[in-house]
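Visitor: Below are the structure tokens for one structure; questions will follow.
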Amino acid sequence: MAARNAFADQVAAKGHDVENARAAAAGIEAAFAAGVLARTPALDAMLRDLAAALGADAAAGERLGGKSAEAARFILRAIGRELADA
């Protein structure tokens, strides 16, 4: 439960959406490593999608944000639903 709450807090934190998404993903990975959150195929797929979205702007040589921020928000909502159902 603490990992879920920490994820929700990070997503809702003030700051740039992309940076918040990176921090939220890192928090989930830390929870997996600590054994407090179970890795599922759905979460793995969402985290891979999130990583791809977060790298899209940098790979295109664009500034941080834009489509990456929009995609990150969408994927983070899906991860939040998955965590709530877990």
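Residues are named by chain letter and number: chains run A, B, ... in the order of the structure tokens, numbers start at 1 in each chain, and ligands are numbered from 1 in the order shown.
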As a PyMOL selection string, please: every residue in chain A that DSSP puts in helix (DSSP H, G or I).
Guide: chain A and resi 2-12+17-34+41-59+67-85
Visitor: Set the distance at 6 Å and use only C-alpha atoms: which residues neighbour stretch 16-30 of chain A once local chain neighbours fewer than 6 positions away are removed? I'd like the list as a PDB file with C-alpha atoms, in the first residue's frame.
Guide:
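Below is the file part_10.pdb, written as the result:
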```
ATOM      1  CA  PHE A   7       3.422   6.490  -6.664  1.00  0.00           C
ATOM      2  CA  GLN A  10       4.866  11.446  -7.059  1.00  0.00           C
ATOM      3  CA  ALA A  69       4.484  14.764 -21.231  1.00  0.00           C
TER       4      ALA A  69
END
```
Visitor: Residues within 8 Å of stretch 50-56 of chain A, please, as a short mmCIF file (atom, residue, chain, number, x, y, z; two decimals) with C-alpha atoms, in the first residue's frame. Count only C-alpha atoms; anything in the same chain fewer than 3 positions from it doesn't count.
Guide:
```
data_model
loop_
_atom_site.label_atom_id
_atom_site.label_comp_id
_atom_site.auth_asym_id
_atom_site.auth_seq_id
_atom_site.Cartn_x
_atom_site.Cartn_y
_atom_site.Cartn_z
CA VAL A 18 8.18 14.20 -17.48
CA ARG A 22 10.65 9.42 -14.28
CA MET A 46 3.33 0.00 -19.15
CA LEU A 47 6.76 0.84 -17.76
CA ALA A 59 15.77 11.11 -29.35
CA ALA A 60 14.14 13.58 -31.73
CA LYS A 67 4.21 14.72 -26.68
CA SER A 68 6.28 12.96 -24.03
CA ALA A 69 4.48 14.76 -21.23
CA ALA A 71 1.99 10.30 -23.23
CA ALA A 72 3.47 10.10 -19.72
CA ILE A 75 0.47 5.95 -19.15
CA LEU A 76 0.75 7.04 -15.52
#
```
Visitor: In Å, with one decimal, what is the gap from atom CA of A:Glu82 to atom CA of A:Ala42?
Guide: 7.9 Å
Visitor: For a quick check of understanding, using only C-alpha atoms, which of A:Ala84, A:Ala31, A:Met1, A:Ile79 has the smallest distance to A:Arg48?
Guide: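 For A:Arg48, the nearest of the given residues is A:Ile79.
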Visitor: When you count only C-alpha atoms, which of these residues is closest to A:Ala38: A:Ala3, A:Ala78, A:Ala8, A:Ala13?
Guide: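 So, comparing all the options, the nearest one is A:Ala3.
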Visitor: Rank A:Gly15, A:Phe74, A:Val36, A:Asp85 by their smallest atom-to-atom distance to A:Ala2, using only C-alpha atoms, and report the top residue only.
Guide: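 Ranking A:Gly15, A:Phe74, A:Val36, A:Asp85 by distance to A:Ala2, first place goes to A:Val36.
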